[in-house]
>>> print(open('structure.cif').read())   # mmCIF, C-alpha atoms and all ligand atoms
data_target
loop_
_atom_site.label_atom_id
_atom_site.label_comp_id
_atom_site.auth_asym_id
_atom_site.auth_seq_id
_atom_site.Cartn_x
_atom_site.Cartn_y
_atom_site.Cartn_z
CA MET A 1 0.00 0.00 0.00
CA LEU A 2 1.21 3.49 -0.78
CA VAL A 3 1.83 5.75 2.21
CA SER A 4 2.30 9.48 2.51
CA ALA A 5 5.91 10.53 3.00
CA THR A 6 5.29 12.39 6.26
CA GLU A 7 5.95 9.61 8.75
CA MET A 8 9.00 8.19 6.95
CA LEU A 9 10.58 11.63 6.72
CA ASN A 10 9.85 12.62 10.31
CA LYS A 11 11.48 9.35 11.39
CA ALA A 12 14.45 10.02 9.10
CA ARG A 13 14.94 13.53 10.43
CA ALA A 14 14.81 12.31 14.02
CA GLY A 15 17.13 9.38 13.23
CA LYS A 16 19.60 11.54 11.24
CA TYR A 17 19.33 9.76 7.92
CA ALA A 18 17.58 10.61 4.65
CA VAL A 19 15.10 8.79 2.42
CA GLY A 20 15.89 8.84 -1.30
CA GLN A 21 13.43 10.08 -3.86
CA PHE A 22 14.25 8.28 -7.09
CA ASN A 23 12.53 9.55 -10.21
CA ILE A 24 10.86 6.92 -12.37
CA ASN A 25 10.39 6.87 -16.14
CA ASN A 26 8.90 3.52 -16.99
CA LEU A 27 8.20 0.01 -15.74
CA GLU A 28 11.87 -1.02 -15.60
CA TRP A 29 12.80 2.03 -13.52
CA THR A 30 9.97 1.45 -11.09
CA LYS A 31 10.71 -2.26 -10.76
CA ALA A 32 14.41 -1.54 -10.13
CA VAL A 33 13.77 1.05 -7.42
CA LEU A 34 11.06 -0.97 -5.66
CA SER A 35 13.05 -4.21 -5.60
CA THR A 36 16.15 -2.42 -4.28
CA ALA A 37 14.12 -0.81 -1.49
CA GLN A 38 12.58 -4.14 -0.56
CA GLU A 39 15.92 -6.05 -0.67
CA ASN A 40 17.53 -3.44 1.57
CA LYS A 41 14.57 -2.82 3.86
CA SER A 42 14.57 0.86 3.05
CA PRO A 43 11.66 3.27 2.84
CA VAL A 44 11.54 4.92 -0.57
CA ILE A 45 9.87 7.73 -2.50
CA LEU A 46 9.10 7.31 -6.19
CA GLY A 47 9.32 10.71 -7.87
CA VAL A 48 7.32 11.46 -11.00
CA SER A 49 7.90 14.68 -12.90
CA GLU A 50 5.16 16.16 -15.04
CA GLY A 51 7.16 15.18 -18.12
CA ALA A 52 7.59 11.59 -16.95
CA GLY A 53 3.88 11.42 -16.13
CA LYS A 54 3.05 12.54 -19.65
CA TYR A 55 5.56 10.05 -21.11
CA MET A 56 3.86 7.20 -19.23
CA THR A 57 0.52 8.33 -20.76
CA GLY A 58 -0.69 10.13 -17.62
CA PHE A 59 -0.63 10.07 -13.82
CA LYS A 60 -3.49 7.55 -13.65
CA THR A 61 -1.38 5.01 -15.53
CA VAL A 62 1.53 5.64 -13.17
CA ALA A 63 -0.56 5.27 -10.01
CA ALA A 64 -2.24 2.10 -11.29
CA MET A 65 1.10 0.55 -12.30
CA VAL A 66 2.81 1.38 -9.01
CA LYS A 67 -0.08 0.13 -6.88
CA ALA A 68 -0.25 -3.13 -8.83
CA MET A 69 3.52 -3.58 -8.55
CA LEU A 70 3.44 -3.18 -4.78
CA GLU A 71 0.97 -6.03 -4.67
CA GLU A 72 2.51 -8.31 -7.31
CA MET A 73 6.06 -7.79 -6.01
CA LYS A 74 4.92 -8.18 -2.39
CA ILE A 75 6.53 -4.93 -1.34
CA THR A 76 6.26 -4.39 2.41
CA VAL A 77 8.58 -1.37 2.93
CA PRO A 78 6.96 2.08 3.04
CA VAL A 79 6.61 3.53 -0.47
CA ALA A 80 5.34 7.01 -1.34
CA LEU A 81 4.33 8.01 -4.86
CA HIS A 82 5.21 11.66 -5.18
CA LEU A 83 4.70 14.31 -7.86
CA ASP A 84 8.02 16.09 -8.45
CA HIS A 85 7.94 19.84 -9.18
CA GLY A 86 4.21 19.91 -9.70
CA THR A 87 2.32 22.74 -11.32
CA TYR A 88 -0.93 23.80 -9.65
CA GLU A 89 -2.94 21.83 -12.26
CA GLY A 90 -0.59 18.85 -12.09
CA CYS A 91 -1.05 18.66 -8.32
CA TYR A 92 -4.80 18.26 -8.71
CA LYS A 93 -4.34 15.61 -11.39
CA CYS A 94 -2.13 13.57 -9.05
CA ILE A 95 -4.49 14.01 -6.11
CA GLU A 96 -7.22 12.60 -8.33
CA ALA A 97 -5.04 9.82 -9.73
CA GLY A 98 -4.27 8.41 -6.28
CA PHE A 99 -0.71 9.60 -5.62
CA SER A 100 0.20 9.64 -1.92
CA SER A 101 2.31 12.80 -1.98
CA ILE A 102 2.85 15.90 -4.10
CA MET A 103 5.32 18.71 -4.48
CA PHE A 104 3.84 22.04 -5.37
CA ASP A 105 6.58 24.07 -7.00
CA GLY A 106 5.31 27.59 -6.55
CA SER A 107 8.82 29.01 -6.38
CA HIS A 108 8.35 30.99 -9.60
CA PHE A 109 5.18 32.73 -8.34
CA PRO A 110 5.33 35.96 -6.35
CA ILE A 111 5.44 34.98 -2.67
CA GLU A 112 1.78 35.99 -2.00
CA GLU A 113 0.51 33.74 -4.79
CA ASN A 114 2.79 30.90 -3.71
CA VAL A 115 1.35 31.28 -0.18
CA ALA A 116 -2.28 31.29 -1.35
CA LYS A 117 -1.91 28.25 -3.62
CA THR A 118 0.19 26.31 -1.11
CA THR A 119 -2.35 26.98 1.67
CA GLU A 120 -5.14 25.62 -0.48
CA LEU A 121 -3.20 22.52 -1.54
CA VAL A 122 -2.07 21.77 2.05
CA LYS A 123 -5.73 21.64 3.08
CA VAL A 124 -6.76 19.38 0.21
CA CYS A 125 -3.79 17.00 0.70
CA HIS A 126 -4.23 16.68 4.45
CA GLU A 127 -7.94 15.93 4.08
CA LYS A 128 -6.87 13.00 1.90
CA GLY A 129 -4.02 11.83 4.13
CA MET A 130 -1.43 12.90 1.55
CA SER A 131 1.84 14.72 2.16
CA ILE A 132 2.90 17.92 0.45
CA GLU A 133 6.29 19.44 -0.27
CA ALA A 134 6.86 23.09 -1.12
CA GLU A 135 9.87 24.86 -2.56
CA VAL A 136 11.49 28.15 -1.75
CA GLY A 137 14.27 29.53 -3.92
CA SER A 138 14.32 27.94 -7.33
CA ILE A 139 16.77 25.11 -7.83
CA GLY A 140 19.18 25.63 -10.67
CA GLY A 141 19.98 23.51 -13.69
CA GLU A 142 17.56 22.05 -16.13
CA GLU A 143 14.94 19.41 -15.48
CA ASP A 144 12.19 18.55 -17.92
CA GLY A 145 12.54 21.91 -19.59
CA VAL A 146 12.21 23.74 -16.26
CA VAL A 147 15.29 25.92 -15.93
CA GLY A 148 16.05 27.52 -12.58
CA MET A 149 18.81 29.97 -11.81
CA GLY A 150 19.99 28.26 -8.62
CA GLU A 151 19.12 30.56 -5.75
CA ILE A 152 19.88 30.48 -2.07
CA ALA A 153 16.48 30.44 -0.37
CA ASP A 154 15.60 33.36 1.89
CA PRO A 155 15.26 31.89 5.42
CA GLN A 156 12.32 34.18 6.27
CA GLU A 157 10.46 33.01 3.17
CA CYS A 158 11.18 29.41 4.18
CA LYS A 159 9.65 30.10 7.58
CA LYS A 160 6.60 31.69 5.96
CA ILE A 161 5.98 28.67 3.71
CA ALA A 162 6.83 26.16 6.47
CA ASP A 163 4.20 27.79 8.70
CA LEU A 164 1.50 27.00 6.12
CA GLY A 165 1.62 23.39 7.25
CA VAL A 166 3.60 21.74 4.47
CA ASP A 167 5.08 18.39 5.50
CA PHE A 168 8.61 18.97 4.16
CA LEU A 169 10.37 21.82 2.50
CA ALA A 170 12.80 22.09 -0.41
CA ALA A 171 15.09 25.06 0.04
CA GLY A 172 17.65 26.10 -2.54
CA ILE A 173 21.13 26.08 -0.98
CA GLY A 174 23.28 26.18 -4.12
CA ASN A 175 22.12 22.74 -5.33
CA ILE A 176 21.22 22.28 -8.98
CA HIS A 177 19.62 19.57 -11.09
CA GLY A 178 21.76 17.51 -13.44
CA LYS A 179 25.55 17.28 -13.45
CA TYR A 180 27.39 19.93 -11.41
CA PRO A 181 29.68 22.23 -13.37
CA ALA A 182 33.41 22.12 -12.59
CA ASN A 183 33.27 25.58 -10.99
CA TRP A 184 30.37 24.73 -8.63
CA LYS A 185 30.91 26.30 -5.23
CA GLY A 186 29.25 23.53 -3.23
CA LEU A 187 26.28 23.62 -0.86
CA ASP A 188 25.78 26.70 1.30
CA PHE A 189 25.74 25.20 4.80
CA ASN A 190 25.42 28.59 6.51
CA ALA A 191 22.15 29.16 4.67
CA LEU A 192 21.02 25.62 5.54
CA ALA A 193 21.76 26.16 9.25
CA GLU A 194 19.94 29.49 9.21
CA ILE A 195 16.88 27.94 7.56
CA LYS A 196 16.93 25.00 9.98
CA ALA A 197 17.10 27.35 12.98
CA LEU A 198 13.91 29.09 11.81
CA ILE A 199 11.85 26.10 10.72
CA GLY A 200 12.68 23.73 13.59
CA ASP A 201 11.87 20.06 13.12
CA LEU A 202 10.33 20.21 9.65
CA PRO A 203 12.23 17.79 7.36
CA LEU A 204 14.23 19.53 4.62
CA VAL A 205 14.57 18.29 1.06
CA LEU A 206 17.73 18.39 -1.03
CA HIS A 207 17.08 18.39 -4.77
CA GLY A 208 19.79 17.73 -7.33
CA GLY A 209 21.25 14.73 -5.48
CA THR A 210 23.29 13.65 -8.52
CA GLY A 211 26.98 14.34 -8.04
CA ILE A 212 26.92 15.94 -4.59
CA PRO A 213 30.02 14.61 -2.78
CA ALA A 214 29.39 12.16 0.08
CA ASP A 215 30.76 14.47 2.79
CA MET A 216 28.38 17.26 1.73
CA ILE A 217 25.45 14.83 1.73
CA GLN A 218 26.32 13.72 5.25
CA LYS A 219 26.70 17.26 6.51
CA ALA A 220 23.35 18.23 4.94
CA ILE A 221 21.68 15.29 6.70
CA SER A 222 23.23 16.35 10.03
CA LEU A 223 21.65 19.80 9.46
CA GLY A 224 18.10 18.52 8.95
CA VAL A 225 17.89 17.21 5.36
CA ALA A 226 15.70 14.08 5.41
CA LYS A 227 14.80 13.63 1.73
CA ILE A 228 17.28 13.62 -1.13
CA ASN A 229 16.17 13.58 -4.78
CA VAL A 230 18.15 11.61 -7.34
CA ASN A 231 17.27 11.49 -11.01
CA THR A 232 20.11 12.11 -13.46
CA GLU A 233 22.46 9.58 -11.87
CA CYS A 234 20.02 6.71 -12.48
CA GLN A 235 19.67 7.85 -16.09
CA LEU A 236 23.44 7.89 -16.56
CA TYR A 237 23.84 4.40 -15.06
CA PHE A 238 21.05 3.08 -17.28
CA GLN A 239 22.59 4.71 -20.37
CA GLU A 240 26.09 3.44 -19.69
CA ALA A 241 25.01 -0.17 -19.16
CA THR A 242 22.76 -0.12 -22.22
CA ARG A 243 25.54 1.37 -24.35
CA LYS A 244 27.93 -1.35 -23.17
CA TYR A 245 25.43 -4.10 -24.06
CA ILE A 246 25.06 -2.78 -27.59
CA GLU A 247 28.72 -1.93 -28.10
CA GLU A 248 29.61 -5.48 -27.11
CA GLY A 249 27.23 -6.64 -29.83
CA LYS A 250 25.04 -8.55 -27.35
CA ASP A 251 21.87 -7.39 -29.07
CA LEU A 252 23.07 -9.24 -32.16
CA GLN A 253 23.65 -12.53 -30.39
CA GLY A 254 20.80 -15.05 -30.20
CA LYS A 255 17.67 -13.36 -28.92
CA GLY A 256 19.64 -10.40 -27.57
CA PHE A 257 17.20 -8.09 -29.34
CA ASP A 258 14.39 -9.12 -26.98
CA PRO A 259 13.50 -5.96 -25.03
CA ARG A 260 13.50 -7.97 -21.82
CA LYS A 261 17.17 -8.74 -22.48
CA LEU A 262 18.08 -5.40 -24.02
CA LEU A 263 16.77 -3.40 -21.06
CA LEU A 264 18.07 -5.76 -18.38
CA PRO A 265 21.64 -4.40 -17.95
CA GLY A 266 20.29 -0.85 -17.57
CA THR A 267 17.68 -2.00 -15.07
CA GLU A 268 20.33 -3.84 -13.04
CA ALA A 269 22.56 -0.74 -13.17
CA ILE A 270 19.78 1.38 -11.65
CA LYS A 271 19.61 -1.11 -8.78
CA VAL A 272 23.34 -0.66 -8.16
CA ILE A 273 23.20 3.13 -7.93
CA VAL A 274 19.97 3.16 -5.90
CA LYS A 275 21.54 0.82 -3.34
CA GLU A 276 24.67 2.98 -3.21
CA LYS A 277 22.54 6.05 -2.51
CA MET A 278 20.52 4.26 0.15
CA GLU A 279 23.79 3.30 1.86
CA LEU A 280 25.07 6.87 1.70
CA PHE A 281 21.77 8.32 2.93
CA GLY A 282 21.61 5.80 5.79
CA SER A 283 18.12 4.48 4.99
CA ILE A 284 19.01 0.77 4.77
CA ASN A 285 17.21 -1.37 7.36
CA LYS A 286 15.10 1.63 8.40
CA ALA A 287 11.83 0.28 6.95
P1 LIG B 1 19.25 15.24 -10.21
O1 LIG B 1 18.72 14.93 -11.55
O2 LIG B 1 20.33 16.25 -10.23
O3 LIG B 1 19.63 14.02 -9.45
O4 LIG B 1 18.07 15.94 -9.39
C1 LIG B 1 16.88 15.23 -9.11
C2 LIG B 1 15.85 16.10 -8.48
O5 LIG B 1 16.12 16.99 -7.72
C3 LIG B 1 14.43 15.81 -8.79
O6 LIG B 1 13.58 16.79 -8.29
#
>>> encode(input="structure.cif", output="structure tokens")
Amino acid sequence: MLVSATEMLNKARAGKYAVGQFNINNLEWTKAVLSTAQENKSPVILGVSEGAGKYMTGFKTVAAMVKAMLEEMKITVPVALHLDHGTYEGCYKCIEAGFSSIMFDGSHFPIEENVAKTTELVKVCHEKGMSIEAEVGSIGGEEDGVVGMGEIADPQECKKIADLGVDFLAAGIGNIHGKYPANWKGLDFNALAEIKALIGDLPLVLHGGTGIPADMIQKAISLGVAKINVNTECQLYFQEATRKYIEEGKDLQGKGFDPRKLLLPGTEAIKVIVKEKMELFGSINKA
């Protein structure tokens, strides 16, 4: 059964570890993430961007697939199905489709409008037992055509949005989506500590988990980060393993063209990186 992400993240924050949000793109991705979570007794959050939802023919398809997989794969660890960087309209679609968690990304709205829309969505989500994430300070890099400039969130704005009753908060602290450029300055831990001091126990979310060095991840967790989003790294692992399979000519041998064979190395590679992240985040055996 799908659960909201509130309880797993409150436990993670209190226990000083983080739960990974791994973005899914298709059946293979979902199967890989779910089986890794189950094998390692880790709670997990499946992230679905608006673009990925569209790719999979809609959020209803995604919710139906994930729910059926939990049953067929006999998954017993806590799993949340979460909309990543949702628009206002996308949030309502996911609420209707049966997701257990959403992120409303109102970071591009003027603060008053972000407040009004977040307040409304908090009420709707909580009535349905769902969790809701909000974002302050847009996160840089490019994701699904959404390009942010990479801001450091204003701690007072974080407090304002946190006080609306969201269940966890994404705050920009110099993190960006995708690969980090060579001249990246690293995470701003002073900003993180300032935000944490104002918002208290509310779990914080770190987007752009791909390529953040392990010591920075650990420091961020020690300062209140309880959810870390990883997307690009799974894509890169999938791509590399698939490329290797084809370059080695395996698709030309026997029935190597069978999609179940062709997509297997990539699927197995996702499992490797997801497990590595769960180890780094400290979520193994926390289910
Ligand atoms: P990466 O693609 O950099 O891992 O970021 C994922 C993310 O933050 C999803 O919201």
>>> residues_near_ligand(input="structure.cif", ligand="ligand LIG 1 (chain B)", cutoff="8 Å", atoms="all atoms listed in the file", output="JSON, numbers by chain")
{"A": [21, 22, 23, 47, 49, 84, 85, 143, 176, 177, 178, 179, 206, 207, 208, 209, 210, 211, 228, 229, 230, 231, 232, 233, 234]}
>>> residues_around(input="structure.cif", residues="region 242-249 of chain A", least_positions_apart="2", cutoff="9 Å", atoms="all atoms listed in the file", output="list in words")
Tyr237, Phe238, Gln239, Glu240, Asp251, Leu252, Gln253, Gly256, Leu262, Leu263, Leu264, Pro265, Gly266 and Thr267 of chain A
>>> residues_near_point(input="structure.cif", point="(29.8, 21.4, -2.9)", cutoff="7 Å", atoms="all atoms listed in the file", output="PyMOL selection string")
chain A and resi 184-187+212-213+216
>>> atom_distance(input="structure.cif", atom1="CA of Met73 (chain A)", atom2="CA of Ser42 (chain A)")
15.1 Å
>>> closest_residue(input="structure.cif", among="A:Ser107, A:Asn10, A:Asn190, A:Asn175", to="Cys158 (chain A)", atoms="all atoms listed in the file")
A:Ser107
>>> atom_distance(input="structure.cif", atom1="CA of Glu151 (chain A)", atom2="CA of Leu81 (chain A)")
27.0 Å
>>> atom_distance(input="structure.cif", atom1="CA of Ile270 (chain A)", atom2="CA of Ile221 (chain A)")
23.1 Å
>>> closest_residue(input="structure.cif", among="A:Val3, A:Ala191, A:Ile199, A:Val33", to="Lys128 (chain A)", atoms="all atoms listed in the file")
A:Val3
>>> closest_residue(input="structure.cif", among="A:Glu135, A:Asp154, A:Glu28, A:Asp167", to="Met8 (chain A)", atoms="only C-alpha atoms")
A:Asp167
>>> residues_around(input="structure.cif", residues="Glu133 (chain A)", least_positions_apart="6", cutoff="7 Å", atoms="all atoms listed in the file", output="list in words")
Ile102, Met103, Phe104, Val166, Asp167, Phe168 and Leu169 of chain A
>>> write_last_selection(input="structure.cif", atoms="C-alpha atoms", output="JSON list (two decimals), in the frame of the given file")
[["chain", "number", "residue", "atom", "x", "y", "z"],
["A", 102, "ILE", "CA", 2.85, 15.90, -4.10],
["A", 103, "MET", "CA", 5.32, 18.71, -4.48],
["A", 104, "PHE", "CA", 3.84, 22.04, -5.37],
["A", 166, "VAL", "CA", 3.60, 21.74, 4.47],
["A", 167, "ASP", "CA", 5.08, 18.39, 5.50],
["A", 168, "PHE", "CA", 8.61, 18.97, 4.16],
["A", 169, "LEU", "CA", 10.37, 21.82, 2.50]]
>>> residues_around(input="structure.cif", residues="Lys159 (chain A)", least_positions_apart="5", cutoff="12 Å", atoms="all atoms listed in the file", output="PyMOL selection string")
chain A and resi 115+134-136+153-154+164-166+168-171+194-202+204
>>> residues_around(input="structure.cif", residues="Ala97 (chain A)", least_positions_apart="5", cutoff="10 Å", atoms="all atoms listed in the file", output="list in words")
Gly58, Phe59, Lys60, Thr61, Val62, Ala63, Ala64, Cys91 and Tyr92 of chain A
>>> closest_residue(input="structure.cif", among="A:Val205, A:Lys31, A:Ser4, A:Pro259", to="Leu70 (chain A)", atoms="only C-alpha atoms")
A:Lys31
>>> closest_residue(input="structure.cif", among="A:Met56, A:Phe257, A:Met130, A:Leu2", to="Ala68 (chain A)", atoms="only C-alpha atoms")
A:Leu2
>>> closest_residue(input="structure.cif", among="A:Phe99, A:Tyr17, A:Trp29, A:Phe189", to="Lys271 (chain A)", atoms="all atoms listed in the file")
A:Trp29
